[in-house]
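Let me begin by presenting the structure, written as structure tokens, before commenting on it.
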Amino acid sequence: MILRIREFAAQDAAPVAALHARAYPHSRWPSLGARAAYFREVLLQNPWVDPELPSWVAEDRQGIAGFMGVIARPMQLAGKTIRAAVACQLMVDPDRRTGLAALELIRRYFAGPQDLCLADGS
């Protein structure tokens with residue numbers, strides 16, 4: 001399986017929402033549209049968006065196989081401003097978990113320029 005890791009973009013919100021519905025079938029959202037709006041708003045339109053700390057999509061020949069959200073957050077540590085990256089919504093298509101999509105997404109996350117890595121809802 002050839003896997004490509006790339007930055008999440010607005011046009012990915014609907015397919016990532018569909019992936020989320022497959023990966024987390026018991027989550028409660030009123031619609032796929034509401035789920036997609038969440039991904040756009042939280043990951044692309046929040047006040048701390050940092051183009052150097054993007055969310056990540058894993059693609060194979062069939063389309064989006066995995067996703068990892070990243071939310072940039074400026075923080076203070078001992079009076080100094082630092083850049084934190086909060087990982088969220090890590091998921092891999094349940095039918096395509098034989099590859100290394102999750103590992104590659106996590107590797108891309110840790111390779112970023114952030115000063116601190118955090119996870120939301122681990």
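Identifiers in the structure tokens: chain A, B, ... in order shown; residue index from 1 per chain; ligand index from 1 in order shown.
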
Going by DSSP on the backbone, which bits of segment 3-117 of chain A are alpha helix (DSSP H)? Write them as a PDB file with N, CA and C atoms, in the first residue's frame, please.
```pdb
ATOM      1  N   ALA A  13     -12.800  18.134   4.705  1.00  0.00           N
ATOM      2  CA  ALA A  13     -13.689  18.052   5.868  1.00  0.00           C
ATOM      3  C   ALA A  13     -14.781  17.005   5.685  1.00  0.00           C
ATOM      4  N   ALA A  14     -15.437  16.969   4.545  1.00  0.00           N
ATOM      5  CA  ALA A  14     -16.512  15.982   4.335  1.00  0.00           C
ATOM      6  C   ALA A  14     -15.979  14.550   4.322  1.00  0.00           C
ATOM      7  N   PRO A  15     -14.899  14.237   3.568  1.00  0.00           N
ATOM      8  CA  PRO A  15     -14.407  12.863   3.634  1.00  0.00           C
ATOM      9  C   PRO A  15     -13.840  12.480   5.007  1.00  0.00           C
ATOM     10  N   VAL A  16     -13.260  13.429   5.736  1.00  0.00           N
ATOM     11  CA  VAL A  16     -12.776  13.127   7.085  1.00  0.00           C
ATOM     12  C   VAL A  16     -13.965  12.894   8.015  1.00  0.00           C
ATOM     13  N   ALA A  17     -15.038  13.652   7.842  1.00  0.00           N
ATOM     14  CA  ALA A  17     -16.248  13.430   8.638  1.00  0.00           C
ATOM     15  C   ALA A  17     -16.822  12.034   8.364  1.00  0.00           C
ATOM     16  N   ALA A  18     -16.810  11.614   7.111  1.00  0.00           N
ATOM     17  CA  ALA A  18     -17.282  10.267   6.771  1.00  0.00           C
ATOM     18  C   ALA A  18     -16.380   9.201   7.386  1.00  0.00           C
ATOM     19  N   LEU A  19     -15.065   9.440   7.361  1.00  0.00           N
ATOM     20  CA  LEU A  19     -14.120   8.528   8.009  1.00  0.00           C
ATOM     21  C   LEU A  19     -14.397   8.466   9.508  1.00  0.00           C
ATOM     22  N   HIS A  20     -14.634   9.607  10.131  1.00  0.00           N
ATOM     23  CA  HIS A  20     -14.939   9.668  11.559  1.00  0.00           C
ATOM     24  C   HIS A  20     -16.190   8.844  11.870  1.00  0.00           C
ATOM     25  N   ALA A  21     -17.201   8.933  11.024  1.00  0.00           N
ATOM     26  CA  ALA A  21     -18.432   8.160  11.231  1.00  0.00           C
ATOM     27  C   ALA A  21     -18.151   6.651  11.177  1.00  0.00           C
ATOM     28  N   ARG A  22     -17.233   6.239  10.302  1.00  0.00           N
ATOM     29  CA  ARG A  22     -16.874   4.812  10.221  1.00  0.00           C
ATOM     30  C   ARG A  22     -15.991   4.384  11.386  1.00  0.00           C
ATOM     31  N   ALA A  23     -15.052   5.244  11.775  1.00  0.00           N
ATOM     32  CA  ALA A  23     -14.114   4.902  12.844  1.00  0.00           C
ATOM     33  C   ALA A  23     -14.769   4.966  14.227  1.00  0.00           C
ATOM     34  N   LEU A  32     -23.715  14.242   8.912  1.00  0.00           N
ATOM     35  CA  LEU A  32     -22.335  14.311   8.425  1.00  0.00           C
ATOM     36  C   LEU A  32     -21.925  15.756   8.172  1.00  0.00           C
ATOM     37  N   GLY A  33     -22.876  16.580   7.749  1.00  0.00           N
ATOM     38  CA  GLY A  33     -22.588  17.997   7.518  1.00  0.00           C
ATOM     39  C   GLY A  33     -22.152  18.711   8.790  1.00  0.00           C
ATOM     40  N   ALA A  34     -22.824  18.398   9.905  1.00  0.00           N
ATOM     41  CA  ALA A  34     -22.444  18.998  11.193  1.00  0.00           C
ATOM     42  C   ALA A  34     -21.065  18.513  11.617  1.00  0.00           C
ATOM     43  N   ARG A  35     -20.777  17.258  11.356  1.00  0.00           N
ATOM     44  CA  ARG A  35     -19.466  16.692  11.692  1.00  0.00           C
ATOM     45  C   ARG A  35     -18.384  17.373  10.857  1.00  0.00           C
ATOM     46  N   ALA A  36     -18.634  17.552   9.563  1.00  0.00           N
ATOM     47  CA  ALA A  36     -17.670  18.216   8.679  1.00  0.00           C
ATOM     48  C   ALA A  36     -17.451  19.666   9.107  1.00  0.00           C
ATOM     49  N   ALA A  37     -18.520  20.346   9.496  1.00  0.00           N
ATOM     50  CA  ALA A  37     -18.411  21.737   9.955  1.00  0.00           C
ATOM     51  C   ALA A  37     -17.523  21.818  11.196  1.00  0.00           C
ATOM     52  N   TYR A  38     -17.632  20.845  12.081  1.00  0.00           N
ATOM     53  CA  TYR A  38     -16.777  20.789  13.268  1.00  0.00           C
ATOM     54  C   TYR A  38     -15.305  20.734  12.854  1.00  0.00           C
ATOM     55  N   PHE A  39     -14.955  19.839  11.932  1.00  0.00           N
ATOM     56  CA  PHE A  39     -13.559  19.714  11.508  1.00  0.00           C
ATOM     57  C   PHE A  39     -13.047  21.006  10.873  1.00  0.00           C
ATOM     58  N   ARG A  40     -13.864  21.644  10.047  1.00  0.00           N
ATOM     59  CA  ARG A  40     -13.455  22.912   9.433  1.00  0.00           C
ATOM     60  C   ARG A  40     -13.258  23.993  10.491  1.00  0.00           C
ATOM     61  N   GLU A  41     -14.244  24.146  11.364  1.00  0.00           N
ATOM     62  CA  GLU A  41     -14.197  25.224  12.345  1.00  0.00           C
ATOM     63  C   GLU A  41     -13.067  25.038  13.356  1.00  0.00           C
ATOM     64  N   VAL A  42     -12.963  23.864  13.947  1.00  0.00           N
ATOM     65  CA  VAL A  42     -11.989  23.643  15.008  1.00  0.00           C
ATOM     66  C   VAL A  42     -10.561  23.601  14.478  1.00  0.00           C
ATOM     67  N   LEU A  43     -10.358  23.017  13.305  1.00  0.00           N
ATOM     68  CA  LEU A  43      -8.995  22.814  12.819  1.00  0.00           C
ATOM     69  C   LEU A  43      -8.506  23.867  11.833  1.00  0.00           C
ATOM     70  N   LEU A  44      -9.424  24.579  11.186  1.00  0.00           N
ATOM     71  CA  LEU A  44      -9.001  25.545  10.169  1.00  0.00           C
ATOM     72  C   LEU A  44      -9.415  26.983  10.462  1.00  0.00           C
ATOM     73  N   ALA A 101      -0.640   3.757   8.661  1.00  0.00           N
ATOM     74  CA  ALA A 101      -1.191   5.109   8.604  1.00  0.00           C
ATOM     75  C   ALA A 101      -1.109   5.821   9.950  1.00  0.00           C
ATOM     76  N   ALA A 102      -1.530   5.178  11.025  1.00  0.00           N
ATOM     77  CA  ALA A 102      -1.510   5.834  12.343  1.00  0.00           C
ATOM     78  C   ALA A 102      -0.088   6.201  12.745  1.00  0.00           C
ATOM     79  N   LEU A 103       0.836   5.287  12.537  1.00  0.00           N
ATOM     80  CA  LEU A 103       2.230   5.553  12.886  1.00  0.00           C
ATOM     81  C   LEU A 103       2.795   6.725  12.082  1.00  0.00           C
ATOM     82  N   GLU A 104       2.515   6.757  10.796  1.00  0.00           N
ATOM     83  CA  GLU A 104       3.018   7.847   9.951  1.00  0.00           C
ATOM     84  C   GLU A 104       2.388   9.189  10.330  1.00  0.00           C
ATOM     85  N   LEU A 105       1.110   9.190  10.685  1.00  0.00           N
ATOM     86  CA  LEU A 105       0.460  10.429  11.127  1.00  0.00           C
ATOM     87  C   LEU A 105       1.078  10.931  12.431  1.00  0.00           C
ATOM     88  N   ILE A 106       1.303  10.036  13.366  1.00  0.00           N
ATOM     89  CA  ILE A 106       1.909  10.419  14.639  1.00  0.00           C
ATOM     90  C   ILE A 106       3.342  10.903  14.431  1.00  0.00           C
ATOM     91  N   ARG A 107       4.058  10.225  13.557  1.00  0.00           N
ATOM     92  CA  ARG A 107       5.436  10.646  13.266  1.00  0.00           C
ATOM     93  C   ARG A 107       5.460  12.062  12.701  1.00  0.00           C
ATOM     94  N   ARG A 108       4.544  12.369  11.784  1.00  0.00           N
ATOM     95  CA  ARG A 108       4.481  13.717  11.202  1.00  0.00           C
ATOM     96  C   ARG A 108       4.169  14.750  12.281  1.00  0.00           C
ATOM     97  N   TYR A 109       3.256  14.405  13.177  1.00  0.00           N
ATOM     98  CA  TYR A 109       2.897  15.295  14.281  1.00  0.00           C
ATOM     99  C   TYR A 109       4.117  15.609  15.156  1.00  0.00           C
ATOM    100  N   PHE A 110       4.836  14.590  15.580  1.00  0.00           N
ATOM    101  CA  PHE A 110       5.988  14.813  16.456  1.00  0.00           C
ATOM    102  C   PHE A 110       7.143  15.523  15.749  1.00  0.00           C
TER     103      PHE A 110
END
```

* Name the residues in contact with Met68 of chain A at a cut-off of 6 Å, using only C-alpha atoms, excluding same-chain residues fewer than 6 positions from it; report them as an NGL selection string. => :A and (55-56 or 89-90)

Let me see the file: selected residues, C-alpha atoms, as a tab-separated table (two decimals), in the first residue's frame.
```tsv
chain	number	residue	atom	x	y	z
A	55	SER	CA	-3.61	18.66	10.77
A	56	TRP	CA	-2.68	15.61	8.69
A	89	GLN	CA	-9.19	12.94	16.43
A	90	LEU	CA	-6.56	10.36	15.46
```

* Asked: With only C-alpha atoms as the basis for distance, which of A:Pro54, A:Gly79, A:Pro47, A:Gly121 is at the shortest distance from Arg6 of chain A?
  ->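 The closest residue to Arg6 of chain A is A:Pro54.
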
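The interatomic distance for the pair atom CA of Arg61 of chain A and atom CA of Ile2 of chain A works out to 7.2 Å.
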
* To do: Kindly indicate which residue among A:Asp95, A:Glu7, A:Glu52, A:Glu59 lies nearest to Gly112 of chain A, using only C-alpha atoms for the distances.
  =>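 Ranked by minimum distance to Gly112 of chain A, first place goes to A:Glu52.
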
* Would you please extract all strand (DSSP E) residues from segment 2-55 of chain A, as assigned by DSSP on the backbone, and give them as a list in words? => Arg4, Ile5, Arg6 and Glu7 of chain A

* Close residues, Arg97 of chain A itself excluded, 10 Å, only C-alpha atoms, min 5 positions apart in chain, as number ranges by chain -> A: 65-66, 91-92, 102

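Residue nearest Val49 of chain A, chosen from A:Ala119, A:Ile5, A:Ala72, A:Cys88 and counting only C-alpha atoms: A:Ala72.
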
* Test item: residues at most 12 Å from Leu77 of chain A, only C-alpha atoms, excluding those fewer than 6 positions along its chain, as a VMD selection string -> chain A and resid 83 to 84 115 to 116

* Could you tell me which of A:Val86, A:Arg73, A:Gly99, A:Pro30 comes closest to Asp120 of chain A if we count only C-alpha atoms? => A:Val86

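Going from atom CA of Ala58 of chain A to atom CA of Arg4 of chain A covers 5.7 Å.
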
* To do: Record the distance separating atom CA of Tyr24 of chain A and atom CA of Val57 of chain A, expressed in Å with one decimal.
  =>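 Taking atom CA of Tyr24 of chain A and atom CA of Val57 of chain A, their separation equals 16.9 Å.
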
* Between A:Gln11, A:Gln45, A:Thr81, A:Ser31, single out the one closest to Ile64 of chain A, counting only C-alpha atoms. =>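 Once distances to Ile64 of chain A are computed over only C-alpha atoms, the minimum belongs to A:Gln11.
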